[in-house]
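Let me begin by presenting the structure, written as C-alpha cells, before commenting on it.
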Amino acid sequence: MSTIQSRDTRDRRDKRRLGLSRPLVSLLSLVSLLPGVFAQQVPDYSRGPAWFPNVIRPYQSQKVTGTPMTDQVDLFTLAVNGTVRLSLAQLRSAVLGNNLDIAAASDNDSMADTDILRARGGGAPRGAPGVRIPSGLFAGAIGAGVGDATTAGGSSGAGGITGNARQVSARPRGSYDPSVALSFSVDKTTSPLNTLVVAGLPSVETSTTALQARFAQAFTTGTSVSVSFNNQRQNSTQRFLRFNPSVVSSFSLVVTQQLMNGFGTEVNGRFLTVAERGKRIAAEAARQQVIETLSDAESLYWDLVAARDNVRVAQQALAVAEQFLEDNTAREEMGAISKMEVFTAASEAAARRRDLISAQAVFDTREADLKALLTRDFSKIFQSIRLDPIDTLPDPVDNTPRLEDLLSEAVRNRPEIRQAEANLENQEVAIRYTKNLLKPTFVLFGMVNSSGLYGNRLIDLATAPVVFPGGISQTFRQVSRFDYPEYAFGFSLQIPLLNRSAQADHYRARIELAQSQTALEQSRSRIHLEVRNAITALVQSSAQAQSARKAAELQEKSLQEQQEKLMAGLSTPYEVIRRQRDLMVAQFEEVRARASYAKARVELDRATGRTGEK
C-alpha cells in the first residue's frame with residue numbers, strides 16, 4: 001500500500017540518518033524509563049517488626065506504603081514539540097509502572113503477606129481477593145485460630161485452713177506467639193462473722209495485695225507450655241493467725257501434649273501452609289492482571305496504529321480527490337469536459353474530506369483510551385500532547401506454531417491453572433485436617449507446682465509479745481527449694497459418640513476438593529478453547545491481511561491505468577472517481593486486516609501466557 005509503504009520508508013530513513021537501528025532505539029528508550037519502574041518497591045508484610053533492640057515496635061502502628069497517585073514512568077516528559085513518539089516497549093514499561101489495576105493487584109499480594117504473618121502468630125488467615133481459604137480448616141471452631149490466648153497452670157492451696165488433694169486437669173493453651181500477662185490488685189474488705197472461735201472477733205478486716213505473672217506458648221507439634229508465678233500479701237485483724245501479715249507465693253509449670261486429635265505439625269501448621277500457598281495464588285492473580293492489562297494496552301496500541309494509518313489513507317484519498325477536482329476544473333475551462341463532471345469531482349472531494357474527519361475522530365478516541373492506561377493523572381488524558389506510535393503493523397507470516405506445543409505452553413504458563421492447582425492443594429490440607437478431627441481427643445499433661453508461706457510471726461511471751469519478721473524473701477526460698485511441692489500428671493480422653501459433626505466436616509471438605517478438581521478441569525478446557533480460537537483467528541487474519549494487500553496493490557494499478565486512459569480520452573472522470581473509491585476502500589481494508597492480525601498475535605500471547613514474559 002503506497003501510503004503505509006511511504007511511511008515505513010520514511011521511518012527507516014530517519015533511523016538511518018540517526019545511525020540507530022529500531023531495536024537499539026527501543027532499548028535506549030526502555031533504559032531511560034527503568035529508574036521509574038524499579039523505584040516502585042513492594043514491601044514485605046509477611047514478617048512483623050523486629051523486637052530487638054526496639055522492644056516496643058511490635059506494639060506500635062507500622063507504616064504501610066500506599067499506592068502513589070503520581071506516575072512512576074512519565075512518558076509525557078518525553079514529548080518533543082507536543083508529541084510523544086511511543087514504541088511498544090515504552091508502552092509496556094509505562095503500563096507496568098502506572099496502571100492502577102496492576103497497582104491494586106500488587107496490594108492484594110501484600111494482603112496475602114499479612115495472612116502469612118497472622119498464621120505465624122497462630123491466627124487464621126483472612127484471605128485476599130482471588131485467594132480461597134477452605135472452610136474445612138475451621139472445622140470445630142469456626143473463625144478461630146490455634147488454641148487461645150489464656151493460660152493454664154495449677155495453683156496450690158498454700159495459705160488455706162486445710163490442704164486438700166484434688167483431681168487436676170489441663171488443656172492446651174496459648175498461641176504460637178508467646179504471651180506474657182501481669183495482674184496486680186489491692187483489696188480491702190470487712191466481713192461479719194457468726195463465730196468467735198476461728199477469728200476471736202465478731203468481724204474481720206482484711207487487706208490483700210496480689211501480683212501474678214503468667215506465660216504461655218503453643219507449638220505446631222501440639223505441645224503447649226504455661227508458667228505462672230503468683231504472690232499475695234495479706235493483713236488481717238483476726239486473732240490466732242500463724243503469720244500476720246502473711247505472704248503466699250506459688251509457682252506452676254504445666255506441659256500438655258495432644259497425641260491424637262490435634263497432633264503433629266501438619267495439622268497445627270495448616271494455617272501457615274495455606275497462607276504461604278495463598279501468597280502464590282495472589283502472585284499469580286497479580287500476574288494475570290498484568291497479562292490482561294498488557295494485552296488490552298497492546299491491542300489499543302495496534303488500534304491506534306490502525307487509526308493513524310486510516311488517517312493517512314484518508315489524507316491521501318483527499319489529496320487525490322482535490323487534485324482531480326483541480327484538473328477537472330482546468331479541463332472544464334478549456335471546454336474538454338462538461339460542468340457536471342466538475343460537480344461530480346467536487347462532491348467526491350467533499351466525501352473524502354468527511355472520511356478524513358471521521359478517521360481523525362476515531363484516532364482521537366483511541367488516543368484517549370490509550371492515555372488512560374498510561375497514566376494515573378487523568379488530567380493528562382485531556383492535555384494537548386499527542387501520541388505517535390512508531391511501531392508499524394506487523395507483516396503476516398505463515399509459520400504458525402503447532403497446536404500441541406501451544407497447548408502445553410498455555411497449561412504451564414497460564415496463571416489461572418496455577419491458581420486452581422494451588423487452591424486444590426489447599427483443599428487437600430483441609431482434607432488431612434478434617435480427617436485428623438475424626439480421632440478422639442487424647443491429651444497427656446504434666447504439672448509441677450511449688451508453694452511458700454511466710455510472714456510476721458507474733459509470739460506471746462510471759463513478759464511481752466515478740467514479733468519475728470518475715471516476708472517474700474522467705475517464701476521465694478521455700479518455692480525455689482520445693483518445700484511444699486505438688487506433682488501431677490495424667491491424661492484426658494474425650495470420645496464423641498457417633499462423631500457426626502466431625503464426619504460432616506470431613507464430607508464437606510471432600511466435596512469441596514471435588515469441586516476444586518472440577519474447577520481445575522474447567523480452567524484447562526477453557527484455556528484449550530481459547531488457544532484453539534486464537535490460532536484460528538491468527539491464521540484467518542494472516543490470510544485476510546495477505547489478500548487485502550494484494551487487493552490494494554491491484555486497485556492501485558487499476559487506478560493508474562484508468563488515469564492514463566482518461567488522459568488519452570478513452571475513459572471518463574466518473575470511472576476514475578470509482579477507481580479512487582475502490583482504492584481507498586481497499587486500503588482501509590488492508591489496514592483493518594493487518595490490525596486484526598496484530599491483535600490476533602496479542603491474543604495468542606495472552607492465551608498461552610506469554611504476555612507477562614515480555
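If you're wondering about the labels, chains in the C-alpha cells are A, B, ... by order shown, residues count from 1 in each chain, ligands from 1 in order shown.
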Residue neighbourhood range 330-339 of chain A, 12 Å, only C-alpha atoms, exclusion window fewer than 6 positions, as a compact mmCIF listing (two decimals) with N, CA and C atoms, in the first residue's frame:
```txt
# COMPACT_ATOMS: atom_id res chain seq x y z
N GLN A 323 -6.83 17.00 -6.10
CA GLN A 323 -6.05 17.17 -7.33
C GLN A 323 -6.90 16.87 -8.55
N PHE A 324 -7.74 15.85 -8.45
CA PHE A 324 -8.63 15.50 -9.57
C PHE A 324 -9.64 16.63 -9.82
N ALA A 345 -16.67 15.75 -9.35
CA ALA A 345 -15.35 15.74 -8.70
C ALA A 345 -15.39 16.50 -7.38
N ALA A 346 -16.14 17.62 -7.34
CA ALA A 346 -16.25 18.39 -6.09
C ALA A 346 -16.99 17.59 -5.02
N LEU A 566 -7.93 8.09 -19.17
CA LEU A 566 -8.62 9.38 -19.16
C LEU A 566 -7.80 10.43 -19.89
N MET A 567 -6.48 10.42 -19.69
CA MET A 567 -5.63 11.38 -20.38
C MET A 567 -5.64 11.14 -21.88
N GLY A 569 -8.24 10.06 -23.45
CA GLY A 569 -9.61 10.23 -23.92
C GLY A 569 -10.37 8.93 -24.07
N SER A 571 -11.47 7.10 -21.39
CA SER A 571 -12.25 6.84 -20.19
C SER A 571 -12.95 8.13 -19.77
N THR A 572 -13.75 8.02 -18.71
CA THR A 572 -14.50 9.18 -18.22
C THR A 572 -14.05 9.51 -16.80
N PRO A 573 -14.28 10.76 -16.36
CA PRO A 573 -13.93 11.11 -14.96
C PRO A 573 -14.66 10.24 -13.95
N TYR A 574 -15.90 9.83 -14.28
CA TYR A 574 -16.63 9.00 -13.32
C TYR A 574 -15.90 7.68 -13.06
```
Run DSSP on the backbone and tell me which residues of range 383-576 of chain A come out as helix (DSSP H, G or I); list them as a PyMOL selection string. chain A and resi 403-413+415-437+472-480+500-567+573-576
Within 12 Å of Glu322 in chain A using only C-alpha atoms, minus same-chain residues under 5 positions, as an MDAnalysis selection string: chainID A and resid 315:317 327:329 342 344:353 577 580
Excluding range 588-600 of chain A and any residue of its chain fewer than 6 positions from it, enumerate the residues within 8 Å of it, using only C-alpha atoms, and give them as a VMD selection string. chain A and resid 298 to 299 302 to 303 305 to 306 309 to 310 313 393 to 396 534 537 to 538 541 to 542 544 to 545 548 to 549 552
List the spatial neighbours of range 434-441 of chain A as a list in words - criterion: any atom at most 9 Å away, only C-alpha atoms, same-chain residues fewer than 4 positions off excluded.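 Surrounding residues, per the criterion: Gly136, Leu137, Ala139, Gly140, Gln258, Leu259, Met260, Asn261, Gly262, Phe263, Val267, Val429, Ala430, Ser492, Leu493, Gln494, Ile495, Pro496, Asn499, Ala502, Gln503, Asp505, His506, Tyr507 and Ala509 of chain A.
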Keeping only N, CA and C atoms, write the selected residues to a file as an mmCIF file, in the first residue's frame.
```cif
data_model
loop_
_atom_site.group_PDB
_atom_site.id
_atom_site.type_symbol
_atom_site.label_atom_id
_atom_site.label_comp_id
_atom_site.auth_asym_id
_atom_site.auth_seq_id
_atom_site.Cartn_x
_atom_site.Cartn_y
_atom_site.Cartn_z
ATOM 1 N N GLY A 136 -13.039 -26.085 55.537
ATOM 2 C CA GLY A 136 -12.696 -27.219 56.390
ATOM 3 C C GLY A 136 -11.599 -26.918 57.386
ATOM 4 N N LEU A 137 -10.798 -25.875 57.144
ATOM 5 C CA LEU A 137 -9.728 -25.533 58.083
ATOM 6 C C LEU A 137 -10.275 -25.028 59.408
ATOM 7 N N ALA A 139 -13.050 -26.246 60.845
ATOM 8 C CA ALA A 139 -13.969 -27.239 61.389
ATOM 9 C C ALA A 139 -13.778 -27.361 62.890
ATOM 10 N N GLY A 140 -14.866 -27.359 63.607
ATOM 11 C CA GLY A 140 -14.816 -27.500 65.053
ATOM 12 C C GLY A 140 -14.724 -26.182 65.789
ATOM 13 N N GLN A 258 -0.906 -33.073 72.807
ATOM 14 C CA GLN A 258 -2.012 -33.768 72.143
ATOM 15 C C GLN A 258 -1.438 -34.943 71.354
ATOM 16 N N LEU A 259 -2.033 -36.105 71.545
ATOM 17 C CA LEU A 259 -1.498 -37.326 70.940
ATOM 18 C C LEU A 259 -2.360 -37.877 69.814
ATOM 19 N N MET A 260 -3.587 -37.445 69.689
ATOM 20 C CA MET A 260 -4.460 -37.961 68.627
ATOM 21 C C MET A 260 -5.025 -36.783 67.839
ATOM 22 N N ASN A 261 -6.182 -36.329 68.208
ATOM 23 C CA ASN A 261 -6.763 -35.156 67.579
ATOM 24 C C ASN A 261 -5.910 -33.933 67.912
ATOM 25 N N GLY A 262 -5.360 -33.281 66.882
ATOM 26 C CA GLY A 262 -4.517 -32.120 67.110
ATOM 27 C C GLY A 262 -3.049 -32.412 67.217
ATOM 28 N N PHE A 263 -2.616 -33.613 66.841
ATOM 29 C CA PHE A 263 -1.205 -33.978 66.953
ATOM 30 C C PHE A 263 -0.498 -33.695 65.623
ATOM 31 N N VAL A 267 -0.991 -30.790 60.995
ATOM 32 C CA VAL A 267 -2.328 -30.347 61.410
ATOM 33 C C VAL A 267 -2.272 -28.946 62.006
ATOM 34 N N VAL A 429 -5.072 -29.888 52.160
ATOM 35 C CA VAL A 429 -4.705 -29.613 53.559
ATOM 36 C C VAL A 429 -5.939 -29.713 54.448
ATOM 37 N N ALA A 430 -7.060 -29.163 53.986
ATOM 38 C CA ALA A 430 -8.309 -29.245 54.750
ATOM 39 C C ALA A 430 -8.771 -30.695 54.891
ATOM 40 N N SER A 492 -6.273 -36.862 79.450
ATOM 41 C CA SER A 492 -7.688 -36.549 79.238
ATOM 42 C C SER A 492 -8.100 -37.167 77.915
ATOM 43 N N LEU A 493 -9.088 -38.050 77.963
ATOM 44 C CA LEU A 493 -9.582 -38.736 76.768
ATOM 45 C C LEU A 493 -11.053 -38.384 76.572
ATOM 46 N N GLN A 494 -11.333 -37.832 75.407
ATOM 47 C CA GLN A 494 -12.703 -37.469 75.090
ATOM 48 C C GLN A 494 -13.099 -38.145 73.797
ATOM 49 N N ILE A 495 -14.139 -38.967 73.851
ATOM 50 C CA ILE A 495 -14.597 -39.737 72.685
ATOM 51 C C ILE A 495 -16.019 -39.297 72.354
ATOM 52 N N PRO A 496 -16.211 -38.550 71.273
ATOM 53 C CA PRO A 496 -17.568 -38.159 70.889
ATOM 54 C C PRO A 496 -18.307 -39.343 70.267
ATOM 55 N N ASN A 499 -19.943 -39.227 66.517
ATOM 56 C CA ASN A 499 -18.948 -38.389 65.816
ATOM 57 C C ASN A 499 -19.520 -37.735 64.558
ATOM 58 N N ALA A 502 -17.855 -34.233 63.202
ATOM 59 C CA ALA A 502 -16.568 -34.414 62.533
ATOM 60 C C ALA A 502 -16.743 -35.097 61.184
ATOM 61 N N GLN A 503 -17.656 -36.082 61.105
ATOM 62 C CA GLN A 503 -17.915 -36.743 59.827
ATOM 63 C C GLN A 503 -18.477 -35.758 58.804
ATOM 64 N N ASP A 505 -17.969 -32.514 58.700
ATOM 65 C CA ASP A 505 -16.892 -31.626 58.255
ATOM 66 C C ASP A 505 -15.990 -32.316 57.245
ATOM 67 N N HIS A 506 -15.713 -33.604 57.488
ATOM 68 C CA HIS A 506 -14.853 -34.343 56.557
ATOM 69 C C HIS A 506 -15.551 -34.549 55.218
ATOM 70 N N TYR A 507 -16.846 -34.871 55.248
ATOM 71 C CA TYR A 507 -17.600 -34.989 53.999
ATOM 72 C C TYR A 507 -17.537 -33.679 53.207
ATOM 73 N N ALA A 509 -15.377 -31.224 53.326
ATOM 74 C CA ALA A 509 -14.049 -30.958 52.791
ATOM 75 C C ALA A 509 -13.782 -31.782 51.537
#
```
Between CA of Arg242 in chain A and CA of Gly471 in chain A, what is the distance, to one decimal in Å?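 CA of Gly471 in chain A lies 13.0 Å from CA of Arg242 in chain A.
With distances restricted to only C-alpha atoms, A:Asp296 is the closest residue to Asp101 in chain A from A:Glu276, A:Asp296, A:Asp44, A:Glu575.
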Let's see if you can do this: from backbone DSSP, list all strand (DSSP E or B) residues in range 185-408 of chain A, as a PDB file with N, CA and C atoms, in the first residue's frame.
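New file states12.pdb:
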```pdb
ATOM      1  N   SER A 185      -3.501  -6.353  91.985  1.00  0.00           N
ATOM      2  CA  SER A 185      -4.725  -5.867  92.619  1.00  0.00           C
ATOM      3  C   SER A 185      -4.458  -5.550  94.081  1.00  0.00           C
ATOM      4  N   VAL A 186      -5.242  -4.591  94.609  1.00  0.00           N
ATOM      5  CA  VAL A 186      -5.239  -4.230  96.030  1.00  0.00           C
ATOM      6  C   VAL A 186      -6.680  -4.278  96.505  1.00  0.00           C
ATOM      7  N   ASP A 187      -6.921  -5.013  97.592  1.00  0.00           N
ATOM      8  CA  ASP A 187      -8.296  -5.229  98.043  1.00  0.00           C
ATOM      9  C   ASP A 187      -8.369  -5.082  99.570  1.00  0.00           C
ATOM     10  N   LYS A 188      -9.458  -4.459 100.043  1.00  0.00           N
ATOM     11  CA  LYS A 188      -9.681  -4.322 101.484  1.00  0.00           C
ATOM     12  C   LYS A 188     -11.141  -4.634 101.764  1.00  0.00           C
ATOM     13  N   THR A 189     -11.389  -5.584 102.631  1.00  0.00           N
ATOM     14  CA  THR A 189     -12.762  -5.997 102.937  1.00  0.00           C
ATOM     15  C   THR A 189     -12.956  -6.080 104.452  1.00  0.00           C
ATOM     16  N   THR A 190     -14.202  -5.854 104.878  1.00  0.00           N
ATOM     17  CA  THR A 190     -14.615  -6.041 106.275  1.00  0.00           C
ATOM     18  C   THR A 190     -15.792  -7.001 106.270  1.00  0.00           C
ATOM     19  N   SER A 191     -15.655  -8.112 107.000  1.00  0.00           N
ATOM     20  CA  SER A 191     -16.663  -9.164 106.937  1.00  0.00           C
ATOM     21  C   SER A 191     -17.198  -9.480 108.333  1.00  0.00           C
ATOM     22  N   PRO A 192     -18.518  -9.561 108.505  1.00  0.00           N
ATOM     23  CA  PRO A 192     -19.078 -10.003 109.797  1.00  0.00           C
ATOM     24  C   PRO A 192     -18.968 -11.512 109.926  1.00  0.00           C
ATOM     25  N   SER A 203     -16.066  -9.444 113.785  1.00  0.00           N
ATOM     26  CA  SER A 203     -15.867  -9.002 112.403  1.00  0.00           C
ATOM     27  C   SER A 203     -14.375  -8.964 112.116  1.00  0.00           C
ATOM     28  N   VAL A 204     -14.040  -9.139 110.842  1.00  0.00           N
ATOM     29  CA  VAL A 204     -12.638  -9.211 110.435  1.00  0.00           C
ATOM     30  C   VAL A 204     -12.419  -8.243 109.284  1.00  0.00           C
ATOM     31  N   GLU A 205     -11.340  -7.506 109.389  1.00  0.00           N
ATOM     32  CA  GLU A 205     -10.923  -6.604 108.292  1.00  0.00           C
ATOM     33  C   GLU A 205      -9.653  -7.169 107.671  1.00  0.00           C
ATOM     34  N   THR A 206      -9.704  -7.340 106.330  1.00  0.00           N
ATOM     35  CA  THR A 206      -8.602  -7.985 105.605  1.00  0.00           C
ATOM     36  C   THR A 206      -8.131  -7.076 104.481  1.00  0.00           C
ATOM     37  N   SER A 207      -6.820  -6.881 104.377  1.00  0.00           N
ATOM     38  CA  SER A 207      -6.202  -6.127 103.275  1.00  0.00           C
ATOM     39  C   SER A 207      -5.308  -7.081 102.497  1.00  0.00           C
ATOM     40  N   THR A 208      -5.504  -7.093 101.162  1.00  0.00           N
ATOM     41  CA  THR A 208      -4.779  -8.049 100.319  1.00  0.00           C
ATOM     42  C   THR A 208      -4.158  -7.314  99.134  1.00  0.00           C
ATOM     43  N   THR A 209      -2.897  -7.608  98.874  1.00  0.00           N
ATOM     44  CA  THR A 209      -2.197  -7.133  97.676  1.00  0.00           C
ATOM     45  C   THR A 209      -1.725  -8.368  96.908  1.00  0.00           C
ATOM     46  N   ALA A 210      -2.091  -8.451  95.613  1.00  0.00           N
ATOM     47  CA  ALA A 210      -1.777  -9.650  94.820  1.00  0.00           C
ATOM     48  C   ALA A 210      -1.080  -9.243  93.526  1.00  0.00           C
ATOM     49  N   LEU A 211      -0.102 -10.046  93.122  1.00  0.00           N
ATOM     50  CA  LEU A 211       0.626  -9.864  91.862  1.00  0.00           C
ATOM     51  C   LEU A 211       0.797 -11.229  91.223  1.00  0.00           C
ATOM     52  N   GLN A 212       0.416 -11.307  89.946  1.00  0.00           N
ATOM     53  CA  GLN A 212       0.514 -12.579  89.229  1.00  0.00           C
ATOM     54  C   GLN A 212       1.187 -12.344  87.888  1.00  0.00           C
ATOM     55  N   ALA A 213       2.124 -13.212  87.516  1.00  0.00           N
ATOM     56  CA  ALA A 213       2.795 -13.187  86.214  1.00  0.00           C
ATOM     57  C   ALA A 213       2.550 -14.522  85.529  1.00  0.00           C
ATOM     58  N   ARG A 214       2.180 -14.439  84.249  1.00  0.00           N
ATOM     59  CA  ARG A 214       1.850 -15.657  83.520  1.00  0.00           C
ATOM     60  C   ARG A 214       2.519 -15.648  82.146  1.00  0.00           C
ATOM     61  N   PHE A 215       2.896 -16.822  81.670  1.00  0.00           N
ATOM     62  CA  PHE A 215       3.499 -17.015  80.354  1.00  0.00           C
ATOM     63  C   PHE A 215       2.894 -18.258  79.725  1.00  0.00           C
ATOM     64  N   ALA A 216       2.601 -18.178  78.423  1.00  0.00           N
ATOM     65  CA  ALA A 216       2.063 -19.349  77.729  1.00  0.00           C
ATOM     66  C   ALA A 216       2.502 -19.314  76.273  1.00  0.00           C
ATOM     67  N   GLN A 217       2.717 -20.503  75.706  1.00  0.00           N
ATOM     68  CA  GLN A 217       3.047 -20.617  74.289  1.00  0.00           C
ATOM     69  C   GLN A 217       2.658 -21.999  73.799  1.00  0.00           C
ATOM     70  N   ALA A 218       2.147 -22.026  72.569  1.00  0.00           N
ATOM     71  CA  ALA A 218       1.813 -23.291  71.915  1.00  0.00           C
ATOM     72  C   ALA A 218       2.785 -23.520  70.763  1.00  0.00           C
ATOM     73  N   THR A 223       2.089 -29.291  71.253  1.00  0.00           N
ATOM     74  CA  THR A 223       2.576 -29.086  72.617  1.00  0.00           C
ATOM     75  C   THR A 223       2.247 -27.669  73.071  1.00  0.00           C
ATOM     76  N   SER A 224       1.933 -27.524  74.327  1.00  0.00           N
ATOM     77  CA  SER A 224       1.762 -26.186  74.892  1.00  0.00           C
ATOM     78  C   SER A 224       2.427 -26.138  76.258  1.00  0.00           C
ATOM     79  N   VAL A 225       2.947 -24.983  76.599  1.00  0.00           N
ATOM     80  CA  VAL A 225       3.641 -24.763  77.870  1.00  0.00           C
ATOM     81  C   VAL A 225       3.054 -23.517  78.516  1.00  0.00           C
ATOM     82  N   SER A 226       2.738 -23.615  79.795  1.00  0.00           N
ATOM     83  CA  SER A 226       2.276 -22.440  80.537  1.00  0.00           C
ATOM     84  C   SER A 226       2.989 -22.396  81.879  1.00  0.00           C
ATOM     85  N   VAL A 227       3.385 -21.204  82.255  1.00  0.00           N
ATOM     86  CA  VAL A 227       4.097 -20.967  83.512  1.00  0.00           C
ATOM     87  C   VAL A 227       3.417 -19.796  84.208  1.00  0.00           C
ATOM     88  N   SER A 228       3.186 -19.943  85.510  1.00  0.00           N
ATOM     89  CA  SER A 228       2.603 -18.835  86.277  1.00  0.00           C
ATOM     90  C   SER A 228       3.332 -18.699  87.606  1.00  0.00           C
ATOM     91  N   PHE A 229       3.403 -17.466  88.080  1.00  0.00           N
ATOM     92  CA  PHE A 229       4.037 -17.178  89.366  1.00  0.00           C
ATOM     93  C   PHE A 229       3.143 -16.174  90.081  1.00  0.00           C
ATOM     94  N   ASN A 230       2.624 -16.572  91.258  1.00  0.00           N
ATOM     95  CA  ASN A 230       1.658 -15.764  91.998  1.00  0.00           C
ATOM     96  C   ASN A 230       2.252 -15.348  93.342  1.00  0.00           C
ATOM     97  N   ASN A 231       1.977 -14.111  93.718  1.00  0.00           N
ATOM     98  CA  ASN A 231       2.391 -13.593  95.019  1.00  0.00           C
ATOM     99  C   ASN A 231       1.214 -12.846  95.650  1.00  0.00           C
ATOM    100  N   GLN A 232       1.027 -13.093  96.942  1.00  0.00           N
ATOM    101  CA  GLN A 232      -0.080 -12.439  97.640  1.00  0.00           C
ATOM    102  C   GLN A 232       0.359 -12.064  99.053  1.00  0.00           C
ATOM    103  N   ARG A 233       0.107 -10.815  99.432  1.00  0.00           N
ATOM    104  CA  ARG A 233       0.401 -10.345 100.790  1.00  0.00           C
ATOM    105  C   ARG A 233      -0.924  -9.956 101.438  1.00  0.00           C
ATOM    106  N   GLN A 234      -1.191 -10.518 102.647  1.00  0.00           N
ATOM    107  CA  GLN A 234      -2.489 -10.308 103.289  1.00  0.00           C
ATOM    108  C   GLN A 234      -2.289  -9.951 104.755  1.00  0.00           C
ATOM    109  N   ASN A 235      -3.026  -8.908 105.161  1.00  0.00           N
ATOM    110  CA  ASN A 235      -3.002  -8.452 106.550  1.00  0.00           C
ATOM    111  C   ASN A 235      -4.425  -8.532 107.086  1.00  0.00           C
ATOM    112  N   SER A 236      -4.604  -9.135 108.267  1.00  0.00           N
ATOM    113  CA  SER A 236      -5.946  -9.359 108.795  1.00  0.00           C
ATOM    114  C   SER A 236      -5.991  -8.977 110.282  1.00  0.00           C
ATOM    115  N   SER A 246       0.708 -12.115 106.137  1.00  0.00           N
ATOM    116  CA  SER A 246       1.228 -13.345 105.527  1.00  0.00           C
ATOM    117  C   SER A 246       1.561 -13.088 104.065  1.00  0.00           C
ATOM    118  N   VAL A 247       2.569 -13.775 103.563  1.00  0.00           N
ATOM    119  CA  VAL A 247       2.983 -13.704 102.156  1.00  0.00           C
ATOM    120  C   VAL A 247       2.920 -15.108 101.586  1.00  0.00           C
ATOM    121  N   VAL A 248       2.120 -15.261 100.503  1.00  0.00           N
ATOM    122  CA  VAL A 248       1.952 -16.554  99.838  1.00  0.00           C
ATOM    123  C   VAL A 248       2.513 -16.442  98.430  1.00  0.00           C
ATOM    124  N   SER A 249       3.382 -17.355  98.063  1.00  0.00           N
ATOM    125  CA  SER A 249       3.933 -17.413  96.702  1.00  0.00           C
ATOM    126  C   SER A 249       3.715 -18.813  96.154  1.00  0.00           C
ATOM    127  N   SER A 250       3.480 -18.871  94.857  1.00  0.00           N
ATOM    128  CA  SER A 250       3.303 -20.182  94.224  1.00  0.00           C
ATOM    129  C   SER A 250       3.829 -20.124  92.801  1.00  0.00           C
ATOM    130  N   PHE A 251       4.413 -21.217  92.379  1.00  0.00           N
ATOM    131  CA  PHE A 251       4.945 -21.386  91.020  1.00  0.00           C
ATOM    132  C   PHE A 251       4.275 -22.594  90.397  1.00  0.00           C
ATOM    133  N   SER A 252       3.904 -22.463  89.092  1.00  0.00           N
ATOM    134  CA  SER A 252       3.234 -23.569  88.423  1.00  0.00           C
ATOM    135  C   SER A 252       3.774 -23.708  87.010  1.00  0.00           C
ATOM    136  N   LEU A 253       4.088 -24.926  86.618  1.00  0.00           N
ATOM    137  CA  LEU A 253       4.525 -25.261  85.271  1.00  0.00           C
ATOM    138  C   LEU A 253       3.644 -26.389  84.757  1.00  0.00           C
ATOM    139  N   VAL A 254       2.985 -26.141  83.604  1.00  0.00           N
ATOM    140  CA  VAL A 254       2.093 -27.139  83.022  1.00  0.00           C
ATOM    141  C   VAL A 254       2.511 -27.362  81.578  1.00  0.00           C
ATOM    142  N   VAL A 255       2.692 -28.619  81.200  1.00  0.00           N
ATOM    143  CA  VAL A 255       3.013 -29.001  79.827  1.00  0.00           C
ATOM    144  C   VAL A 255       1.946 -29.975  79.351  1.00  0.00           C
ATOM    145  N   THR A 256       1.361 -29.691  78.173  1.00  0.00           N
ATOM    146  CA  THR A 256       0.367 -30.597  77.593  1.00  0.00           C
ATOM    147  C   THR A 256       0.829 -31.042  76.217  1.00  0.00           C
ATOM    148  N   GLN A 257       0.439 -32.231  75.839  1.00  0.00           N
ATOM    149  CA  GLN A 257       0.769 -32.768  74.520  1.00  0.00           C
ATOM    150  C   GLN A 257      -0.446 -33.506  73.980  1.00  0.00           C
ATOM    151  N   GLN A 258      -0.906 -33.073  72.807  1.00  0.00           N
ATOM    152  CA  GLN A 258      -2.012 -33.768  72.143  1.00  0.00           C
ATOM    153  C   GLN A 258      -1.438 -34.943  71.354  1.00  0.00           C
ATOM    154  N   ARG A 386       0.201  14.786  21.990  1.00  0.00           N
ATOM    155  CA  ARG A 386      -0.282  13.730  21.112  1.00  0.00           C
ATOM    156  C   ARG A 386       0.641  12.507  21.197  1.00  0.00           C
ATOM    157  N   LEU A 387       0.073  11.341  20.912  1.00  0.00           N
ATOM    158  CA  LEU A 387       0.830  10.088  20.861  1.00  0.00           C
ATOM    159  C   LEU A 387       1.044   9.706  19.403  1.00  0.00           C
ATOM    160  N   ASP A 388       2.298   9.414  19.077  1.00  0.00           N
ATOM    161  CA  ASP A 388       2.635   8.988  17.722  1.00  0.00           C
ATOM    162  C   ASP A 388       3.276   7.602  17.796  1.00  0.00           C
ATOM    163  N   PRO A 389       2.529   6.532  17.576  1.00  0.00           N
ATOM    164  CA  PRO A 389       3.116   5.181  17.651  1.00  0.00           C
ATOM    165  C   PRO A 389       4.142   4.981  16.552  1.00  0.00           C
TER     166      PRO A 389
END
```
For a test of reading the model, state the distance in Å between CA of Pro43 in chain A and CA of Val274 in chain A, rounded to one decimal. 20.9 Å
Using only C-alpha atoms, determine which residues lie at most 12 Å from Asp113 in chain A, disregarding the query and same-chain residues fewer than 5 positions distant; provide the list as a PyMOL selection string. chain A and resi 42-48+106-108+118-120+125-128+131+272+274-283
Based on the selection just made, write C-alpha atoms of those residues as a compact mmCIF listing (two decimals), in the first residue's frame.
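File part-v7.txt, as written:
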```txt
# COMPACT_ATOMS: atom_id res chain seq x y z
CA VAL A 42 6.64 -3.51 47.14
CA PRO A 43 7.30 -4.01 50.90
CA ASP A 44 7.13 -7.43 52.56
CA TYR A 45 4.40 -7.59 55.19
CA SER A 46 4.86 -11.31 55.91
CA ARG A 47 7.26 -10.53 58.75
CA GLY A 48 6.44 -8.30 61.68
CA SER A 106 0.01 -5.62 43.96
CA ASP A 107 -1.97 -4.53 47.05
CA ASN A 108 -3.74 -7.91 47.01
CA ARG A 118 -1.02 -13.78 61.06
CA ALA A 119 -0.59 -17.55 60.64
CA ARG A 120 2.93 -17.42 62.08
CA PRO A 125 -5.70 -16.39 57.53
CA ARG A 126 -8.39 -14.00 56.40
CA GLY A 127 -7.89 -14.48 52.68
CA ALA A 128 -7.31 -11.98 49.89
CA VAL A 131 -7.34 -16.47 47.45
CA LEU A 272 0.65 -21.23 57.73
CA VAL A 274 -2.42 -22.34 53.38
CA ALA A 275 -1.29 -18.74 53.90
CA GLU A 276 2.04 -19.35 52.16
CA ARG A 277 0.22 -21.01 49.27
CA GLY A 278 -2.20 -18.08 49.28
CA LYS A 279 0.80 -15.85 48.61
CA ARG A 280 1.47 -17.88 45.47
CA ILE A 281 -2.16 -17.58 44.43
CA ALA A 282 -2.13 -13.82 44.95
CA ALA A 283 1.09 -13.54 42.94
```
